[in-house]
>>> print(open('target.json').read())   # JSON, C-alpha atoms
[["chain", "number", "residue", "atom", "x", "y", "z"],
["A", 119, "MET", "CA", 310.12, 15.22, 35.70],
["A", 120, "ILE", "CA", 306.94, 16.98, 36.85],
["A", 121, "ILE", "CA", 306.37, 17.77, 40.54],
["A", 122, "VAL", "CA", 302.72, 17.49, 41.63],
["A", 123, "ASN", "CA", 301.47, 19.21, 44.80],
["A", 124, "ASN", "CA", 305.08, 19.73, 45.95],
["A", 125, "ARG", "CA", 305.25, 16.01, 46.67],
["A", 126, "ASP", "CA", 304.61, 13.50, 43.88],
["A", 127, "LYS", "CA", 306.89, 13.02, 40.88],
["A", 128, "VAL", "CA", 305.60, 12.18, 37.41],
["A", 129, "GLU", "CA", 307.86, 11.17, 34.50],
["A", 130, "TRP", "CA", 307.76, 13.88, 31.81],
["A", 131, "HIS", "CA", 307.46, 13.19, 28.08],
["A", 132, "GLU", "CA", 307.45, 15.39, 24.98],
["A", 133, "GLY", "CA", 304.06, 17.00, 24.38],
["A", 134, "MET", "CA", 302.76, 16.08, 27.83],
["A", 135, "THR", "CA", 299.41, 17.77, 28.51],
["A", 136, "VAL", "CA", 297.63, 18.63, 31.75],
["A", 137, "GLN", "CA", 295.27, 15.70, 31.08],
["A", 138, "ASP", "CA", 298.29, 13.38, 30.74],
["A", 139, "VAL", "CA", 299.45, 14.49, 34.20],
["A", 140, "LEU", "CA", 295.97, 13.80, 35.64],
["A", 141, "ASP", "CA", 295.97, 10.35, 34.01],
["A", 142, "ALA", "CA", 299.47, 9.59, 35.28],
["A", 143, "MET", "CA", 298.39, 10.53, 38.80],
["A", 144, "GLY", "CA", 295.35, 8.26, 38.48],
["A", 145, "TYR", "CA", 293.01, 11.17, 39.26],
["A", 146, "ASP", "CA", 289.51, 10.22, 38.15],
["A", 147, "TYR", "CA", 287.70, 12.81, 40.28],
["A", 148, "ALA", "CA", 285.08, 14.76, 38.35],
["A", 149, "LEU", "CA", 286.25, 18.15, 39.50],
["A", 150, "ILE", "CA", 289.93, 19.01, 39.57],
["A", 151, "THR", "CA", 291.31, 22.55, 39.59],
["A", 152, "VAL", "CA", 294.79, 22.68, 38.06],
["A", 153, "THR", "CA", 297.66, 25.15, 38.25],
["A", 154, "VAL", "CA", 300.95, 25.05, 36.37],
["A", 155, "GLU", "CA", 303.68, 27.10, 38.03],
["A", 156, "GLY", "CA", 300.99, 28.67, 40.21],
["A", 157, "THR", "CA", 298.80, 29.83, 37.29],
["A", 158, "LEU", "CA", 295.31, 28.40, 36.83],
["A", 159, "VAL", "CA", 294.69, 26.27, 33.74],
["A", 160, "PRO", "CA", 291.12, 26.71, 32.37],
["A", 161, "GLU", "CA", 289.33, 23.35, 32.34],
["A", 162, "ASP", "CA", 288.73, 23.55, 28.59],
["A", 163, "ASP", "CA", 292.51, 23.54, 28.06],
["A", 164, "TYR", "CA", 293.39, 20.38, 30.03],
["A", 165, "GLY", "CA", 293.64, 18.30, 26.84],
["A", 166, "THR", "CA", 295.68, 20.84, 24.88],
["A", 167, "GLN", "CA", 297.89, 22.79, 27.30],
["A", 168, "THR", "CA", 301.33, 21.25, 27.44],
["A", 169, "VAL", "CA", 303.36, 21.08, 30.64],
["A", 170, "PRO", "CA", 307.08, 21.92, 30.35],
["A", 171, "ASP", "CA", 309.61, 19.54, 31.89],
["A", 172, "GLY", "CA", 310.39, 20.49, 35.48],
["A", 173, "SER", "CA", 307.04, 22.18, 36.05],
["A", 174, "ASN", "CA", 305.36, 22.42, 39.42],
["A", 175, "VAL", "CA", 301.74, 21.33, 38.97],
["A", 176, "GLY", "CA", 299.02, 21.91, 41.56],
["A", 177, "LEU", "CA", 296.00, 19.59, 41.57],
["A", 178, "PHE", "CA", 293.07, 20.48, 43.81],
["A", 179, "HIS", "CA", 290.21, 18.02, 44.25],
["A", 180, "LEU", "CA", 286.93, 19.83, 44.93],
["A", 181, "ALA", "CA", 284.45, 17.87, 47.04],
["A", 182, "HIS", "CA", 280.85, 18.76, 47.92],
["A", 183, "GLY", "CA", 280.06, 20.29, 51.29],
["A", 184, "GLY", "CA", 279.99, 23.63, 53.03],
["B", 190, "MET", "CA", 286.02, 56.31, 75.61],
["B", 191, "TYR", "CA", 284.94, 54.63, 72.38],
["B", 192, "ILE", "CA", 282.93, 56.74, 69.92],
["B", 193, "PRO", "CA", 281.22, 54.74, 67.13],
["B", 194, "GLY", "CA", 282.89, 55.48, 63.83],
["B", 195, "MET", "CA", 286.36, 55.90, 65.32],
["B", 196, "LYS", "CA", 287.41, 52.45, 64.29],
["B", 197, "GLY", "CA", 291.02, 52.53, 65.39],
["B", 198, "ARG", "CA", 289.96, 52.88, 68.99],
["B", 199, "ASN", "CA", 287.19, 50.31, 68.97],
["B", 200, "PRO", "CA", 287.64, 48.48, 72.31],
["B", 201, "ILE", "CA", 286.48, 45.12, 70.90],
["B", 202, "PHE", "CA", 289.87, 44.82, 69.20],
["B", 203, "GLU", "CA", 292.02, 45.48, 72.30],
["B", 204, "ARG", "CA", 293.07, 41.83, 72.53],
["B", 205, "ASN", "CA", 293.78, 41.42, 68.79],
["B", 206, "VAL", "CA", 297.19, 40.40, 67.49],
["B", 207, "PRO", "CA", 299.28, 43.63, 67.52],
["B", 208, "GLY", "CA", 299.62, 45.23, 64.09],
["B", 209, "THR", "CA", 296.80, 43.29, 62.44],
["B", 210, "THR", "CA", 293.70, 45.35, 63.15],
["B", 211, "GLU", "CA", 294.88, 48.49, 61.33],
["B", 212, "LYS", "CA", 295.58, 46.48, 58.17],
["B", 213, "LEU", "CA", 292.35, 44.51, 58.34],
["B", 214, "GLN", "CA", 290.29, 47.70, 58.84],
["B", 215, "LYS", "CA", 291.44, 48.83, 55.37],
["B", 216, "ALA", "CA", 290.65, 45.50, 53.72],
["B", 217, "THR", "CA", 287.64, 44.24, 51.77],
["B", 218, "VAL", "CA", 286.84, 40.53, 51.56],
["B", 219, "GLY", "CA", 284.29, 38.98, 49.20],
["B", 220, "ILE", "CA", 282.37, 35.98, 50.50],
["B", 221, "ALA", "CA", 280.58, 33.84, 47.91],
["B", 222, "GLY", "CA", 277.94, 31.90, 49.83],
["B", 223, "CYS", "CA", 276.66, 32.55, 53.36],
["B", 224, "GLY", "CA", 276.07, 28.99, 54.52],
["B", 225, "GLY", "CA", 278.24, 26.83, 56.77],
["B", 226, "LEU", "CA", 281.52, 28.17, 55.44],
["B", 227, "GLY", "CA", 280.61, 31.76, 54.61],
["B", 228, "SER", "CA", 278.63, 32.66, 57.73],
["B", 229, "ASN", "CA", 281.28, 31.30, 60.09],
["B", 230, "ALA", "CA", 284.20, 32.78, 58.12],
["B", 231, "ALA", "CA", 282.44, 36.16, 58.16],
["B", 232, "VAL", "CA", 282.06, 36.04, 61.96],
["B", 233, "ALA", "CA", 285.77, 35.26, 62.38],
["B", 234, "LEU", "CA", 286.77, 38.09, 60.04],
["B", 235, "VAL", "CA", 284.53, 40.65, 61.76],
["B", 236, "ARG", "CA", 285.90, 39.66, 65.17],
["B", 237, "ALA", "CA", 289.42, 40.15, 63.74],
["B", 238, "GLY", "CA", 288.53, 43.68, 62.62],
["B", 239, "ILE", "CA", 287.88, 43.37, 58.88],
["B", 240, "GLY", "CA", 286.76, 46.71, 57.45],
["B", 241, "ARG", "CA", 284.35, 45.63, 54.74],
["B", 242, "LEU", "CA", 282.66, 42.45, 53.52],
["B", 243, "ILE", "CA", 280.81, 41.77, 50.30],
["B", 244, "LEU", "CA", 278.28, 39.03, 51.13],
["B", 245, "VAL", "CA", 276.59, 37.10, 48.31],
["B", 246, "ASP", "CA", 273.85, 34.49, 48.78],
["B", 247, "HIS", "CA", 270.36, 33.99, 47.40],
["B", 248, "ASP", "CA", 269.09, 31.48, 49.98],
["B", 249, "ILE", "CA", 266.62, 31.77, 52.83],
["B", 250, "VAL", "CA", 267.57, 30.46, 56.30],
["B", 251, "GLU", "CA", 266.05, 27.00, 56.89],
["B", 252, "ALA", "CA", 265.88, 24.93, 60.07],
["B", 253, "SER", "CA", 268.32, 22.37, 58.62],
["B", 254, "ASN", "CA", 270.97, 25.11, 58.34],
["B", 255, "LEU", "CA", 271.19, 25.48, 62.11],
["B", 256, "ASN", "CA", 273.37, 22.38, 62.59],
["B", 257, "ARG", "CA", 276.40, 24.30, 61.25],
["B", 258, "GLN", "CA", 275.56, 27.79, 60.01],
["B", 259, "HIS", "CA", 275.70, 30.98, 62.09],
["B", 260, "TYR", "CA", 271.94, 31.51, 62.30],
["B", 261, "PHE", "CA", 269.28, 31.20, 64.99],
["B", 262, "GLN", "CA", 265.68, 30.04, 65.26],
["B", 263, "THR", "CA", 264.47, 33.62, 64.80],
["B", 264, "ASP", "CA", 266.29, 33.81, 61.43],
["B", 265, "ILE", "CA", 264.31, 30.99, 59.79],
["B", 266, "GLY", "CA", 262.57, 32.32, 56.69],
["B", 267, "LYS", "CA", 264.81, 35.38, 56.37],
["B", 268, "PRO", "CA", 267.27, 35.97, 53.50],
["B", 269, "LYS", "CA", 270.67, 34.73, 54.65],
["B", 270, "VAL", "CA", 272.54, 37.91, 53.72],
["B", 271, "GLU", "CA", 270.16, 40.01, 55.82],
["B", 272, "ALA", "CA", 270.20, 37.67, 58.83],
["B", 273, "LEU", "CA", 274.00, 37.40, 58.72],
["B", 274, "ALA", "CA", 274.40, 41.16, 58.36],
["B", 275, "ALA", "CA", 272.41, 41.66, 61.58],
["B", 276, "HIS", "CA", 274.62, 39.22, 63.48],
["B", 277, "LEU", "CA", 277.82, 40.80, 62.15],
["B", 278, "LYS", "CA", 276.63, 44.30, 63.04],
["B", 279, "ALA", "CA", 275.79, 43.02, 66.52],
["B", 280, "ILE", "CA", 279.48, 42.14, 66.91],
["B", 281, "ASN", "CA", 280.89, 45.33, 65.33],
["B", 282, "PRO", "CA", 278.41, 48.06, 64.29],
["B", 283, "ASP", "CA", 281.19, 49.76, 62.31],
["B", 284, "VAL", "CA", 281.83, 46.90, 59.87],
["B", 285, "GLU", "CA", 280.81, 47.94, 56.33],
["B", 286, "LEU", "CA", 278.67, 45.36, 54.56],
["B", 287, "THR", "CA", 277.63, 45.12, 50.93],
["B", 288, "LEU", "CA", 274.76, 42.65, 50.60],
["B", 289, "GLN", "CA", 274.00, 40.88, 47.33],
["B", 290, "ASP", "CA", 270.87, 38.72, 47.55],
["B", 291, "VAL", "CA", 271.48, 37.22, 44.11],
["B", 292, "GLU", "CA", 272.39, 33.91, 42.49],
["B", 293, "LEU", "CA", 276.07, 34.36, 41.66],
["B", 294, "THR", "CA", 277.06, 33.70, 38.03],
["B", 295, "PRO", "CA", 280.53, 33.57, 36.44],
["B", 296, "GLU", "CA", 279.68, 36.69, 34.40],
["B", 297, "ALA", "CA", 278.90, 38.70, 37.56],
["B", 298, "ILE", "CA", 282.15, 37.96, 39.41],
["B", 299, "ALA", "CA", 284.15, 40.85, 37.95],
["B", 300, "SER", "CA", 281.57, 43.51, 38.81],
["B", 301, "ILE", "CA", 280.33, 42.25, 42.22],
["B", 302, "PHE", "CA", 283.83, 41.73, 43.63],
["B", 303, "VAL", "CA", 285.70, 44.54, 41.86],
["B", 304, "ASN", "CA", 286.58, 46.17, 45.21],
["B", 305, "ALA", "CA", 287.51, 42.96, 47.04],
["B", 306, "ASP", "CA", 291.13, 42.32, 48.01],
["B", 307, "LEU", "CA", 290.46, 38.57, 48.00],
["B", 308, "LEU", "CA", 287.63, 36.05, 47.78],
["B", 309, "ILE", "CA", 286.45, 33.39, 50.19],
["B", 310, "GLU", "CA", 284.69, 30.57, 48.30],
["B", 311, "ALA", "CA", 281.91, 29.29, 50.52],
["B", 312, "PHE", "CA", 279.63, 27.30, 48.29],
["B", 313, "ASP", "CA", 278.20, 23.88, 49.07],
["B", 314, "ARG", "CA", 278.36, 22.09, 45.73],
["B", 315, "ALA", "CA", 281.68, 21.10, 44.15],
["B", 316, "GLU", "CA", 280.78, 22.16, 40.60],
["B", 317, "LEU", "CA", 280.00, 25.66, 41.89],
["B", 318, "LYS", "CA", 283.33, 25.78, 43.75],
["B", 319, "HIS", "CA", 285.06, 24.73, 40.53],
["B", 320, "TRP", "CA", 283.60, 27.43, 38.26],
["B", 321, "LEU", "CA", 283.94, 30.09, 40.95],
["B", 322, "ILE", "CA", 287.69, 29.49, 41.25],
["B", 323, "GLN", "CA", 288.03, 29.47, 37.44],
["B", 324, "ALA", "CA", 285.99, 32.67, 37.02],
["B", 325, "TRP", "CA", 287.84, 34.45, 39.84],
["B", 326, "CYS", "CA", 291.29, 33.58, 38.45],
["B", 327, "LEU", "CA", 290.28, 34.81, 34.99],
["B", 328, "ALA", "CA", 288.76, 38.06, 36.34],
["B", 329, "PHE", "CA", 291.40, 38.77, 39.01],
["B", 330, "PRO", "CA", 294.58, 36.78, 38.25],
["B", 331, "ASP", "CA", 296.58, 38.71, 40.85],
["B", 332, "LYS", "CA", 294.09, 38.42, 43.74],
["B", 333, "PRO", "CA", 293.90, 35.39, 46.06],
["B", 334, "VAL", "CA", 290.95, 33.00, 46.22],
["B", 335, "ILE", "CA", 290.54, 30.90, 49.34],
["B", 336, "ALA", "CA", 288.31, 27.85, 48.90],
["B", 337, "ALA", "CA", 287.24, 24.86, 50.98],
["B", 338, "SER", "CA", 287.04, 21.23, 49.90],
["B", 339, "GLY", "CA", 286.58, 18.16, 52.06],
["B", 340, "VAL", "CA", 284.78, 19.49, 55.13],
["B", 341, "SER", "CA", 282.28, 16.66, 55.71],
["B", 342, "GLY", "CA", 281.83, 13.96, 58.32],
["B", 343, "CYS", "CA", 283.22, 14.29, 61.82],
["B", 344, "GLY", "CA", 286.58, 13.60, 63.45],
["B", 345, "ASN", "CA", 289.63, 13.11, 61.19],
["B", 346, "THR", "CA", 290.93, 16.43, 62.47],
["B", 347, "GLY", "CA", 294.52, 15.84, 61.39],
["B", 348, "ALA", "CA", 293.50, 15.54, 57.73],
["B", 349, "MET", "CA", 292.49, 19.21, 57.61],
["B", 350, "ARG", "CA", 295.14, 21.31, 55.90],
["B", 351, "VAL", "CA", 295.74, 24.29, 53.62],
["B", 352, "HIS", "CA", 296.89, 23.41, 50.10],
["B", 353, "SER", "CA", 298.22, 26.38, 48.11],
["B", 354, "SER", "CA", 299.50, 27.02, 44.60],
["B", 355, "GLY", "CA", 299.90, 30.54, 43.28],
["B", 356, "ASN", "CA", 296.89, 32.59, 44.38],
["B", 357, "ILE", "CA", 294.68, 29.54, 45.03],
["B", 358, "HIS", "CA", 294.40, 28.25, 48.60],
["B", 359, "VAL", "CA", 292.16, 25.25, 49.43],
["B", 360, "CYS", "CA", 291.28, 24.39, 53.04],
["B", 361, "GLY", "CA", 290.03, 20.95, 54.09],
["B", 362, "ASP", "CA", 290.92, 17.33, 53.46],
["B", 363, "GLU", "CA", 290.00, 17.42, 49.70],
["B", 364, "GLU", "CA", 288.34, 14.01, 50.10],
["B", 365, "SER", "CA", 285.32, 13.86, 52.40],
["B", 366, "ASP", "CA", 282.01, 14.40, 50.66],
["B", 367, "MET", "CA", 278.75, 15.78, 52.02],
["B", 368, "SER", "CA", 277.08, 12.40, 51.46],
["B", 369, "MET", "CA", 278.81, 11.65, 54.80],
["B", 370, "GLY", "CA", 276.75, 14.40, 56.45],
["B", 371, "LEU", "CA", 277.96, 17.71, 57.81],
["B", 372, "CYS", "CA", 279.02, 18.52, 61.37],
["B", 373, "ALA", "CA", 279.41, 22.05, 62.76],
["B", 374, "ALA", "CA", 282.79, 21.37, 64.37],
["B", 375, "ARG", "CA", 284.37, 20.31, 61.08],
["B", 376, "VAL", "CA", 282.66, 22.85, 58.80],
["B", 377, "MET", "CA", 283.50, 25.65, 61.24],
["B", 378, "MET", "CA", 287.10, 24.41, 61.31],
["B", 379, "ALA", "CA", 287.32, 24.78, 57.53],
["B", 380, "ALA", "CA", 285.61, 28.18, 57.69],
["B", 381, "SER", "CA", 288.08, 29.31, 60.36],
["B", 382, "MET", "CA", 290.96, 28.04, 58.23],
["B", 383, "GLU", "CA", 289.67, 30.10, 55.30],
["B", 384, "ALA", "CA", 289.38, 33.20, 57.52],
["B", 385, "ASN", "CA", 292.82, 32.56, 59.01],
["B", 386, "VAL", "CA", 294.43, 32.33, 55.56],
["B", 387, "ALA", "CA", 292.66, 35.57, 54.57],
["B", 388, "ILE", "CA", 293.93, 37.33, 57.70],
["B", 389, "GLU", "CA", 297.44, 36.04, 57.06],
["B", 390, "LEU", "CA", 297.44, 37.28, 53.46],
["B", 391, "LEU", "CA", 295.91, 40.65, 54.34],
["B", 392, "THR", "CA", 298.31, 41.37, 57.19],
["B", 393, "SER", "CA", 301.54, 40.06, 55.70],
["B", 394, "GLU", "CA", 304.16, 42.75, 55.12],
["B", 395, "ASP", "CA", 304.65, 42.18, 51.40],
["B", 396, "LYS", "CA", 300.92, 42.09, 50.62],
["B", 397, "ARG", "CA", 299.77, 45.41, 52.04],
["B", 398, "SER", "CA", 302.90, 47.40, 52.77]]
>>> encode(input="target.json", output="structure tokens")
Amino acid sequence: MIIVNNRDKVEWHEGMTVQDVLDAMGYDYALITVTVEGTLVPEDDYGTQTVPDGSNVGLFHLAHGG
Amino acid sequence: MYIPGMKGRNPIFERNVPGTTEKLQKATVGIAGCGGLGSNAAVALVRAGIGRLILVDHDIVEASNLNRQHYFQTDIGKPKVEALAAHLKAINPDVELTLQDVELTPEAIASIFVNADLLIEAFDRAELKHWLIQAWCLAFPDKPVIAASGVSGCGNTGAMRVHSSGNIHVCGDEESDMSMGLCAARVMMAASMEANVAIELLTSEDKRS
């Protein structure tokens, strides 16, 4: 089981990547910043970096405006 | 009697939260962008007693900025970093300011902010926020970055929050987009949240003991 944003639970599977977590959460925002166990995942690695079972994943949606 | 330069006795900080001013006076905060978020966060930090700010922006003050940014009619046409510096010095002449009137790039992060204890992300466009957080975390993995996302529209006050993971802190509702328009009350709220998180991190016992 993966915990997202200290709130949502996502079923874990072998070889699960950051992109798989985003897909499971239904996130289709263009710009998402991701952490795994509090460490930033570079965007280029979303499709390749695997997420261990039990991980805490942080997903930040960045919206225009300031 | 207050003598300029003797920061610890500066009377403008008499009503500050006890124990915070001394820590903030030693701290340096980087601010990437001096628009609605950056200008207002800078004002809050200077009023709290921050010692040094590194201000980065390459824009000129325009009339349309005045609906939410800490500028005045007499600033229109001036570089934002220079106009903001004057306003910050008018609050506390002792605050140390490093002004960078440049277009920030990912490659420049490590050198421009090398002396910063933490960064306040204060850009307007989401893709810039995104690369700034990425570049900061790669350059300074142990230093906090405080960003804002979802600051647009008006009302919806209860949706504003701080979302943290590791050294990344994002203030706002993470939803509202500037196509809704921007309102000073809400942008300043997000800017104040960013400043408040910075003050909390810089004055906490474990961070700067």
>>> residues_around(input="target.json", residues="segment 143-147 of chain A", least_positions_apart="4", cutoff="12 Å", atoms="all atoms listed in the file", output="PyMOL selection string")
(chain A and resi 120-123+125-129+136-139+151-152+175-182) or (chain B and resi 315-316+363-364+366)
>>> closest_residue(input="target.json", among="A:Ser173, A:Thr166, A:Asn124, A:Thr135", to="chain B", atoms="all atoms listed in the file")
A:Asn124
>>> closest_residue(input="target.json", among="A:Gly184, A:Trp130, A:Leu149, A:Leu140", to="Arg314 of chain B", atoms="only C-alpha atoms")
A:Gly184
>>> residues_around(input="target.json", residues="Gly219 of chain B", least_positions_apart="5", cutoff="8 Å", atoms="only C-alpha atoms", output="mmCIF file with C-alpha atoms, keeping the file's coordinate frame")
data_model
loop_
_atom_site.group_PDB
_atom_site.id
_atom_site.type_symbol
_atom_site.label_atom_id
_atom_site.label_comp_id
_atom_site.auth_asym_id
_atom_site.auth_seq_id
_atom_site.Cartn_x
_atom_site.Cartn_y
_atom_site.Cartn_z
ATOM 1 C CA LEU B 242 282.660 42.450 53.520
ATOM 2 C CA ILE B 243 280.810 41.770 50.300
ATOM 3 C CA LEU B 244 278.280 39.030 51.130
ATOM 4 C CA VAL B 245 276.590 37.100 48.310
ATOM 5 C CA PHE B 302 283.830 41.730 43.630
ATOM 6 C CA ALA B 305 287.510 42.960 47.040
ATOM 7 C CA ASP B 306 291.130 42.320 48.010
ATOM 8 C CA LEU B 307 290.460 38.570 48.000
ATOM 9 C CA LEU B 308 287.630 36.050 47.780
ATOM 10 C CA ILE B 309 286.450 33.390 50.190
#
>>> closest_atom_pairs(input="target.json", of="chain B", to="chain A", cutoff="7 Å", atoms="all atoms listed in the file", output="Markdown table")
| residue | atom | partner | partner_atom | distance |
| --- | --- | --- | --- | --- |
| B:Gly224 | CA | A:Gly184 | CA | 6.8 |
| B:Gly225 | CA | A:Gly184 | CA | 5.2 |
| B:Leu226 | CA | A:Gly184 | CA | 5.4 |
| B:Ala311 | CA | A:Gly184 | CA | 6.5 |
| B:Phe312 | CA | A:Gly184 | CA | 6.0 |
| B:Asp313 | CA | A:Gly184 | CA | 4.4 |
| B:Arg314 | CA | A:His182 | CA | 4.7 |
| B:Ala315 | CA | A:His182 | CA | 4.5 |
| B:Glu316 | CA | A:Leu149 | CA | 6.9 |
| B:His319 | CA | A:Thr151 | CA | 6.7 |
| B:Gln323 | CA | A:Pro160 | CA | 6.5 |
| B:Cys326 | CA | A:Leu158 | CA | 6.8 |
| B:Ser338 | CA | A:Ala181 | CA | 5.1 |
| B:Gly339 | CA | A:Ala181 | CA | 5.5 |
| B:Val340 | CA | A:Gly183 | CA | 6.1 |
| B:Ser341 | CA | A:Gly183 | CA | 6.1 |
| B:Ser354 | CA | A:Gly156 | CA | 4.9 |
| B:Gly355 | CA | A:Gly156 | CA | 3.8 |
| B:Glu363 | CA | A:His179 | CA | 5.5 |
| B:Glu364 | CA | A:Ala181 | CA | 6.3 |
| B:Ser365 | CA | A:Ala181 | CA | 6.8 |
| B:Asp366 | CA | A:His182 | CA | 5.3 |
| B:Met367 | CA | A:Gly183 | CA | 4.8 |
| B:Val376 | CA | A:Gly184 | CA | 6.4 |
>>> axis_aligned_box(input="target.json", around="segment 144-152 of chain A", padding_each_side="8 Å", output="AutoDock Vina command-line options")
--center_x 290.2 --center_y 15.5 --center_z 39.2 --size_x 26.3 --size_y 30.4 --size_z 18.2
>>> atom_distance(input="target.json", atom1="atom CA of Gly240 of chain B", atom2="atom CA of Ala297 of chain B")
22.8 Å
